[in-house]
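Text of the file input_10.pdb, holding PDB, C-alpha atoms:
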```pdb
MODEL        1
ATOM      1  CA  MET A  37     158.517  93.030 140.893  1.00  0.00           C
ATOM      2  CA  PRO A  38     157.336  90.846 143.794  1.00  0.00           C
ATOM      3  CA  ARG A  39     153.660  90.150 144.180  1.00  0.00           C
ATOM      4  CA  PRO A  40     152.124  92.220 147.022  1.00  0.00           C
ATOM      5  CA  ARG A  41     151.073  90.248 150.100  1.00  0.00           C
ATOM      6  CA  HIS A  42     148.201  92.581 150.944  1.00  0.00           C
ATOM      7  CA  ALA A  43     145.486  94.045 148.775  1.00  0.00           C
ATOM      8  CA  GLN A  44     146.558  97.368 147.375  1.00  0.00           C
ATOM      9  CA  GLY A  45     144.664 100.027 145.518  1.00  0.00           C
ATOM     10  CA  ARG A  46     145.728 103.072 143.666  1.00  0.00           C
ATOM     11  CA  PRO A  47     146.951 105.794 146.005  1.00  0.00           C
ATOM     12  CA  ALA A  48     144.174 108.200 147.077  1.00  0.00           C
ATOM     13  CA  THR A  49     141.505 105.896 145.601  1.00  0.00           C
ATOM     14  CA  PRO A  50     138.760 105.051 148.110  1.00  0.00           C
ATOM     15  CA  VAL A  51     138.321 101.365 148.769  1.00  0.00           C
ATOM     16  CA  ILE A  52     134.541 101.764 148.825  1.00  0.00           C
ATOM     17  CA  PRO A  53     133.316 104.086 146.080  1.00  0.00           C
ATOM     18  CA  THR A  54     131.277 107.070 147.281  1.00  0.00           C
ATOM     19  CA  ASP A  55     128.256 105.969 145.190  1.00  0.00           C
ATOM     20  CA  TRP A  56     128.367 102.411 146.549  1.00  0.00           C
ATOM     21  CA  ALA A  57     125.013 102.544 148.365  1.00  0.00           C
ATOM     22  CA  ALA A  58     123.165 104.092 145.427  1.00  0.00           C
ATOM     23  CA  THR A  59     124.479 101.545 142.942  1.00  0.00           C
ATOM     24  CA  HIS A  60     123.903  98.497 145.151  1.00  0.00           C
ATOM     25  CA  ALA A  61     120.512  99.399 146.629  1.00  0.00           C
ATOM     26  CA  PRO A  62     118.493  98.328 143.544  1.00  0.00           C
ATOM     27  CA  VAL A  63     120.204  94.941 143.543  1.00  0.00           C
ATOM     28  CA  VAL A  64     119.496  94.387 147.243  1.00  0.00           C
ATOM     29  CA  ALA A  65     115.863  95.491 146.846  1.00  0.00           C
ATOM     30  CA  LYS A  66     115.259  92.613 144.425  1.00  0.00           C
ATOM     31  CA  THR A  67     115.729  90.169 147.314  1.00  0.00           C
ATOM     32  CA  TRP A  68     112.821  91.696 149.249  1.00  0.00           C
ATOM     33  CA  THR A  69     109.915  89.411 148.365  1.00  0.00           C
ATOM     34  CA  ALA A  70     107.729  89.813 151.458  1.00  0.00           C
ATOM     35  CA  THR A  71     105.981  92.827 153.009  1.00  0.00           C
ATOM     36  CA  VAL A  72     106.217  94.214 156.529  1.00  0.00           C
ATOM     37  CA  GLU A  73     104.155  96.679 158.534  1.00  0.00           C
ATOM     38  CA  LEU A  74     105.916  98.296 161.489  1.00  0.00           C
ATOM     39  CA  ARG A  75     104.027  99.856 164.369  1.00  0.00           C
ATOM     40  CA  ARG A  76     104.761 101.048 167.873  1.00  0.00           C
ATOM     41  CA  PRO A  77     103.713  98.752 170.737  1.00  0.00           C
ATOM     42  CA  GLY A  78     100.567  99.454 172.709  1.00  0.00           C
ATOM     43  CA  GLY A  79      97.616 101.448 171.500  1.00  0.00           C
ATOM     44  CA  THR A  80      94.619 103.386 172.698  1.00  0.00           C
ATOM     45  CA  SER A  81      92.106 102.005 175.158  1.00  0.00           C
ATOM     46  CA  ASP A  82      88.432 102.782 174.620  1.00  0.00           C
ATOM     47  CA  TRP A  83      85.346 101.767 176.583  1.00  0.00           C
ATOM     48  CA  ASN A  84      83.049  99.401 174.740  1.00  0.00           C
ATOM     49  CA  PRO A  85      79.515  99.683 176.179  1.00  0.00           C
ATOM     50  CA  THR A  86      78.450  96.420 174.536  1.00  0.00           C
ATOM     51  CA  THR A  87      81.104  94.283 176.234  1.00  0.00           C
ATOM     52  CA  GLU A  88      81.318  96.653 179.220  1.00  0.00           C
ATOM     53  CA  GLN A  89      85.106  96.677 179.223  1.00  0.00           C
ATOM     54  CA  ASN A  90      88.033  98.635 177.877  1.00  0.00           C
ATOM     55  CA  GLU A  91      89.322  97.382 174.538  1.00  0.00           C
ATOM     56  CA  LEU A  92      92.775  98.083 173.200  1.00  0.00           C
ATOM     57  CA  THR A  93      93.041  99.407 169.661  1.00  0.00           C
ATOM     58  CA  PRO A  94      96.625  98.889 168.425  1.00  0.00           C
ATOM     59  CA  HIS A  95      98.544 101.833 166.993  1.00  0.00           C
ATOM     60  CA  PRO A  96      98.296 102.018 163.202  1.00  0.00           C
ATOM     61  CA  PRO A  97     101.342 101.020 161.139  1.00  0.00           C
ATOM     62  CA  TYR A  98     103.815 103.859 160.656  1.00  0.00           C
ATOM     63  CA  TYR A  99     105.789 102.056 157.967  1.00  0.00           C
ATOM     64  CA  ALA A 100     104.903  99.519 155.269  1.00  0.00           C
ATOM     65  CA  ALA A 101     107.383  98.290 152.693  1.00  0.00           C
ATOM     66  CA  ALA A 102     108.985  95.303 151.041  1.00  0.00           C
ATOM     67  CA  CYS A 103     111.280  93.171 153.166  1.00  0.00           C
ATOM     68  CA  SER A 104     113.003  89.837 153.466  1.00  0.00           C
ATOM     69  CA  ILE A 105     112.848  87.596 156.488  1.00  0.00           C
ATOM     70  CA  GLN A 106     114.866  84.581 157.484  1.00  0.00           C
ATOM     71  CA  ALA A 107     115.299  82.451 160.576  1.00  0.00           C
ATOM     72  CA  GLU A 108     118.478  83.064 162.527  1.00  0.00           C
ATOM     73  CA  ALA A 109     121.001  80.264 162.690  1.00  0.00           C
ATOM     74  CA  THR A 110     120.278  79.757 166.386  1.00  0.00           C
ATOM     75  CA  GLN A 111     116.736  78.613 165.501  1.00  0.00           C
ATOM     76  CA  ALA A 112     114.112  78.411 168.225  1.00  0.00           C
ATOM     77  CA  ARG A 113     114.983  78.011 171.881  1.00  0.00           C
ATOM     78  CA  GLU A 114     112.946  77.466 174.995  1.00  0.00           C
ATOM     79  CA  ALA A 115     112.877  80.238 177.576  1.00  0.00           C
ATOM     80  CA  THR A 116     111.160  80.609 180.928  1.00  0.00           C
ATOM     81  CA  ALA A 117     109.130  83.716 181.655  1.00  0.00           C
ATOM     82  CA  ALA A 118     107.147  84.022 184.889  1.00  0.00           C
ATOM     83  CA  GLU A 119     107.550  80.286 185.497  1.00  0.00           C
ATOM     84  CA  ASP A 120     106.006  79.459 182.094  1.00  0.00           C
ATOM     85  CA  ALA A 121     108.053  77.780 179.378  1.00  0.00           C
ATOM     86  CA  THR A 122     107.788  79.509 176.023  1.00  0.00           C
ATOM     87  CA  VAL A 123     109.468  78.986 172.659  1.00  0.00           C
ATOM     88  CA  VAL A 124     111.341  82.031 171.326  1.00  0.00           C
ATOM     89  CA  ALA A 125     112.329  82.004 167.663  1.00  0.00           C
ATOM     90  CA  GLY A 126     114.829  84.499 166.275  1.00  0.00           C
ATOM     91  CA  TYR A 127     114.450  86.144 162.882  1.00  0.00           C
ATOM     92  CA  LEU A 128     116.440  88.578 160.788  1.00  0.00           C
ATOM     93  CA  LEU A 129     114.101  91.062 159.133  1.00  0.00           C
ATOM     94  CA  THR A 130     115.701  93.163 156.404  1.00  0.00           C
ATOM     95  CA  VAL A 131     113.975  96.417 155.411  1.00  0.00           C
ATOM     96  CA  PRO A 132     114.964  99.554 153.480  1.00  0.00           C
ATOM     97  CA  VAL A 133     117.506 101.717 155.286  1.00  0.00           C
ATOM     98  CA  THR A 134     114.893 104.493 155.472  1.00  0.00           C
ATOM     99  CA  ALA A 135     112.832 102.507 157.996  1.00  0.00           C
ATOM    100  CA  ASP A 136     112.786 104.339 161.333  1.00  0.00           C
ATOM    101  CA  ALA A 137     112.458 101.184 163.442  1.00  0.00           C
ATOM    102  CA  HIS A 138     113.022 101.057 167.186  1.00  0.00           C
ATOM    103  CA  VAL A 139     113.516  98.319 169.752  1.00  0.00           C
ATOM    104  CA  ASP A 140     110.174  96.835 170.914  1.00  0.00           C
ATOM    105  CA  ASP A 141     108.348  97.889 167.724  1.00  0.00           C
ATOM    106  CA  LEU A 142     106.007  95.271 166.286  1.00  0.00           C
ATOM    107  CA  ALA A 143     106.482  93.892 162.773  1.00  0.00           C
ATOM    108  CA  THR A 144     103.749  92.002 160.925  1.00  0.00           C
ATOM    109  CA  VAL A 145     104.968  90.130 157.860  1.00  0.00           C
ATOM    110  CA  THR A 146     102.942  89.032 154.838  1.00  0.00           C
ATOM    111  CA  GLY A 147     103.785  87.540 151.454  1.00  0.00           C
ATOM    112  CA  THR A 148     106.428  85.301 153.017  1.00  0.00           C
ATOM    113  CA  GLY A 149     105.406  82.105 151.251  1.00  0.00           C
ATOM    114  CA  ASP A 150     105.613  80.366 154.643  1.00  0.00           C
ATOM    115  CA  THR A 151     102.188  79.432 156.022  1.00  0.00           C
ATOM    116  CA  LEU A 152     103.573  79.151 159.560  1.00  0.00           C
ATOM    117  CA  LEU A 153     104.964  82.707 159.460  1.00  0.00           C
ATOM    118  CA  GLU A 154     102.370  84.468 157.314  1.00  0.00           C
ATOM    119  CA  GLY A 155     100.612  87.326 159.129  1.00  0.00           C
ATOM    120  CA  ARG A 156     102.495  86.706 162.379  1.00  0.00           C
ATOM    121  CA  THR A 157     103.739  89.573 164.518  1.00  0.00           C
ATOM    122  CA  LEU A 158     107.364  89.777 165.590  1.00  0.00           C
ATOM    123  CA  THR A 159     108.959  92.027 168.209  1.00  0.00           C
ATOM    124  CA  VAL A 160     112.040  94.025 167.210  1.00  0.00           C
ATOM    125  CA  ARG A 161     114.860  93.282 169.663  1.00  0.00           C
ATOM    126  CA  ASP A 162     117.770  95.075 167.970  1.00  0.00           C
ATOM    127  CA  VAL A 163     118.204  97.577 165.122  1.00  0.00           C
ATOM    128  CA  VAL A 164     121.517  97.588 163.251  1.00  0.00           C
ATOM    129  CA  ARG A 165     122.880 101.057 162.552  1.00  0.00           C
ATOM    130  CA  GLY A 166     126.059 102.117 160.815  1.00  0.00           C
ATOM    131  CA  SER A 167     127.628 103.613 157.740  1.00  0.00           C
ATOM    132  CA  GLN A 168     127.639 102.137 154.239  1.00  0.00           C
ATOM    133  CA  LEU A 169     124.190 100.602 154.695  1.00  0.00           C
ATOM    134  CA  VAL A 170     121.796  99.840 151.846  1.00  0.00           C
ATOM    135  CA  GLU A 171     119.373  97.948 154.081  1.00  0.00           C
ATOM    136  CA  ARG A 172     118.378  97.987 157.734  1.00  0.00           C
ATOM    137  CA  ASP A 173     118.666  94.729 159.689  1.00  0.00           C
ATOM    138  CA  LEU A 174     116.137  94.173 162.459  1.00  0.00           C
ATOM    139  CA  PHE A 175     116.672  91.254 164.794  1.00  0.00           C
ATOM    140  CA  CYS A 176     113.254  90.073 165.942  1.00  0.00           C
ATOM    141  CA  THR A 177     111.647  87.424 168.088  1.00  0.00           C
ATOM    142  CA  LEU A 178     108.481  85.482 167.545  1.00  0.00           C
ATOM    143  CA  ASN A 179     107.070  84.418 170.898  1.00  0.00           C
ATOM    144  CA  ASP A 180     104.629  81.512 170.994  1.00  0.00           C
TER
ENDMDL
END
```
Please express the file's structure as structure tokens.
Amino acid sequence: MPRPRHAQGRPATPVIPTDWAATHAPVVAKTWTATVELRRPGGTSDWNPTTEQNELTPHPPYYAAACSIQAEATQAREATAAEDATVVAGYLLTVPVTADAHVDDLATVTGTGDTLLEGRTLTVRDVVRGSQLVERDLFCTLND
């Protein structure tokens, strides 16, 4: 019998088992060594009689969980915004699939082990959605 040129499975056997996400999720979760807090942008503005000005109180975090974070392969790049040069660094933030993240949400990461990233706030630029997910990928920027 000749060797098949393409991968073949048993007829009527799914290529990806139906319990794939449940069995792989615990393995993926072990790679999450940092912590993230997600919150919506903006906040509430209240008058401070001492300083005689409105002060913005950021929205509280709506989600806090373990995560992993890594720099994107593109690294940092320089961009111009309103005639000012700024460095924009791209990061991939991986959180549990249950995270209800949206574009423009703010993510504050802790426990990263990186003193230059610790406690910094990133802006979510894209949220990956799809089937067969055990984690949610958030593409973020760190503007400095």
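Here atom CA of A:Ser81 and atom CA of A:Tyr98 stand 18.7 Å from one another.
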- Message: For this structure, which residues satisfy the selection - the PyMOL selection byres ((chain A and resi 94) around 9) - when it is evaluated on the file as given? I want them as number ranges by chain.
- Response: A: 75-81, 92-93, 95-97
Kindly list the centre and edge lengths in Å, rounded to one decimal, for the axis-aligned box that covers all listed atoms of stretch 99-111 of chain A plus 6 Å on each of its six sides, as AutoDock Vina command-line options.
```
--center_x 113.0 --center_y 90.3 --center_z 158.7 --size_x 28.1 --size_y 35.4 --size_z 27.3
```
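Between atom CA of A:Ala137 and atom CA of A:Val163 there is a distance of 7.0 Å.
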- For atom CA of A:Ala143 and atom CA of A:Leu158, quote the distance in Å rounded to one decimal. 5.1 Å
Completed stretch 150-172 of chain A (N, CA, C and O atoms) as an mmCIF file, in the frame of the given file:
```
data_model
loop_
_atom_site.group_PDB
_atom_site.id
_atom_site.type_symbol
_atom_site.label_atom_id
_atom_site.label_comp_id
_atom_site.auth_asym_id
_atom_site.auth_seq_id
_atom_site.Cartn_x
_atom_site.Cartn_y
_atom_site.Cartn_z
ATOM 1 N N ASP A 150 105.527 81.334 153.549
ATOM 2 C CA ASP A 150 105.613 80.366 154.643
ATOM 3 C C ASP A 150 104.323 80.445 155.438
ATOM 4 O O ASP A 150 104.063 81.423 156.136
ATOM 5 N N THR A 151 103.493 79.402 155.364
ATOM 6 C CA THR A 151 102.188 79.432 156.022
ATOM 7 C C THR A 151 102.297 79.533 157.538
ATOM 8 O O THR A 151 101.391 80.034 158.190
ATOM 9 N N LEU A 152 103.411 79.072 158.113
ATOM 10 C CA LEU A 152 103.573 79.151 159.560
ATOM 11 C C LEU A 152 104.010 80.534 160.031
ATOM 12 O O LEU A 152 103.920 80.845 161.210
ATOM 13 N N LEU A 153 104.489 81.373 159.112
ATOM 14 C CA LEU A 153 104.964 82.707 159.460
ATOM 15 C C LEU A 153 104.034 83.808 158.952
ATOM 16 O O LEU A 153 104.032 84.912 159.476
ATOM 17 N N GLU A 154 103.228 83.484 157.973
ATOM 18 C CA GLU A 154 102.370 84.468 157.314
ATOM 19 C C GLU A 154 101.441 85.184 158.294
ATOM 20 O O GLU A 154 100.713 84.548 159.063
ATOM 21 N N GLY A 155 101.489 86.513 158.299
ATOM 22 C CA GLY A 155 100.612 87.326 159.129
ATOM 23 C C GLY A 155 100.981 87.352 160.603
ATOM 24 O O GLY A 155 100.266 87.958 161.402
ATOM 25 N N ARG A 156 102.076 86.734 160.976
ATOM 26 C CA ARG A 156 102.495 86.706 162.379
ATOM 27 C C ARG A 156 103.159 88.024 162.752
ATOM 28 O O ARG A 156 103.712 88.717 161.917
ATOM 29 N N THR A 157 103.127 88.345 164.030
ATOM 30 C CA THR A 157 103.739 89.573 164.518
ATOM 31 C C THR A 157 105.007 89.239 165.289
ATOM 32 O O THR A 157 104.997 88.377 166.163
ATOM 33 N N LEU A 158 106.074 89.939 164.936
ATOM 34 C CA LEU A 158 107.364 89.777 165.590
ATOM 35 C C LEU A 158 107.669 91.032 166.398
ATOM 36 O O LEU A 158 107.160 92.105 166.087
ATOM 37 N N THR A 159 108.526 90.896 167.400
ATOM 38 C CA THR A 159 108.959 92.027 168.209
ATOM 39 C C THR A 159 110.408 92.343 167.864
ATOM 40 O O THR A 159 111.259 91.455 167.876
ATOM 41 N N VAL A 160 110.681 93.601 167.545
ATOM 42 C CA VAL A 160 112.040 94.025 167.210
ATOM 43 C C VAL A 160 112.869 94.062 168.482
ATOM 44 O O VAL A 160 112.519 94.736 169.439
ATOM 45 N N ARG A 161 113.982 93.347 168.498
ATOM 46 C CA ARG A 161 114.860 93.282 169.663
ATOM 47 C C ARG A 161 116.142 94.079 169.479
ATOM 48 O O ARG A 161 116.763 94.473 170.454
ATOM 49 N N ASP A 162 116.561 94.305 168.221
ATOM 50 C CA ASP A 162 117.770 95.075 167.970
ATOM 51 C C ASP A 162 117.686 95.659 166.563
ATOM 52 O O ASP A 162 117.173 95.019 165.649
ATOM 53 N N VAL A 163 118.182 96.880 166.408
ATOM 54 C CA VAL A 163 118.204 97.577 165.122
ATOM 55 C C VAL A 163 119.658 97.876 164.786
ATOM 56 O O VAL A 163 120.346 98.541 165.566
ATOM 57 N N VAL A 164 120.126 97.379 163.645
ATOM 58 C CA VAL A 164 121.517 97.588 163.251
ATOM 59 C C VAL A 164 121.647 98.958 162.601
ATOM 60 O O VAL A 164 120.885 99.310 161.700
ATOM 61 N N ARG A 165 122.616 99.732 163.097
ATOM 62 C CA ARG A 165 122.880 101.057 162.552
ATOM 63 C C ARG A 165 124.350 101.125 162.159
ATOM 64 O O ARG A 165 125.175 100.413 162.714
ATOM 65 N N GLY A 166 124.669 101.973 161.213
ATOM 66 C CA GLY A 166 126.059 102.117 160.815
ATOM 67 C C GLY A 166 126.185 102.891 159.515
ATOM 68 O O GLY A 166 125.211 103.432 158.997
ATOM 69 N N SER A 167 127.390 102.937 159.014
ATOM 70 C CA SER A 167 127.628 103.613 157.740
ATOM 71 C C SER A 167 127.665 102.566 156.630
ATOM 72 O O SER A 167 127.745 101.368 156.890
ATOM 73 N N GLN A 168 127.592 103.005 155.412
ATOM 74 C CA GLN A 168 127.639 102.137 154.239
ATOM 75 C C GLN A 168 126.516 101.106 154.244
ATOM 76 O O GLN A 168 126.706 99.955 153.872
ATOM 77 N N LEU A 169 125.328 101.513 154.678
ATOM 78 C CA LEU A 169 124.190 100.602 154.695
ATOM 79 C C LEU A 169 123.299 100.828 153.480
ATOM 80 O O LEU A 169 123.042 101.962 153.090
ATOM 81 N N VAL A 170 122.809 99.742 152.893
ATOM 82 C CA VAL A 170 121.796 99.840 151.846
ATOM 83 C C VAL A 170 120.506 99.177 152.312
ATOM 84 O O VAL A 170 119.505 99.214 151.612
ATOM 85 N N GLU A 171 120.551 98.556 153.484
ATOM 86 C CA GLU A 171 119.373 97.948 154.081
ATOM 87 C C GLU A 171 119.508 98.030 155.596
ATOM 88 O O GLU A 171 120.593 98.215 156.120
ATOM 89 N N ARG A 172 118.391 97.933 156.274
ATOM 90 C CA ARG A 172 118.378 97.987 157.734
ATOM 91 C C ARG A 172 118.056 96.584 158.247
ATOM 92 O O ARG A 172 117.057 95.993 157.854
#
```
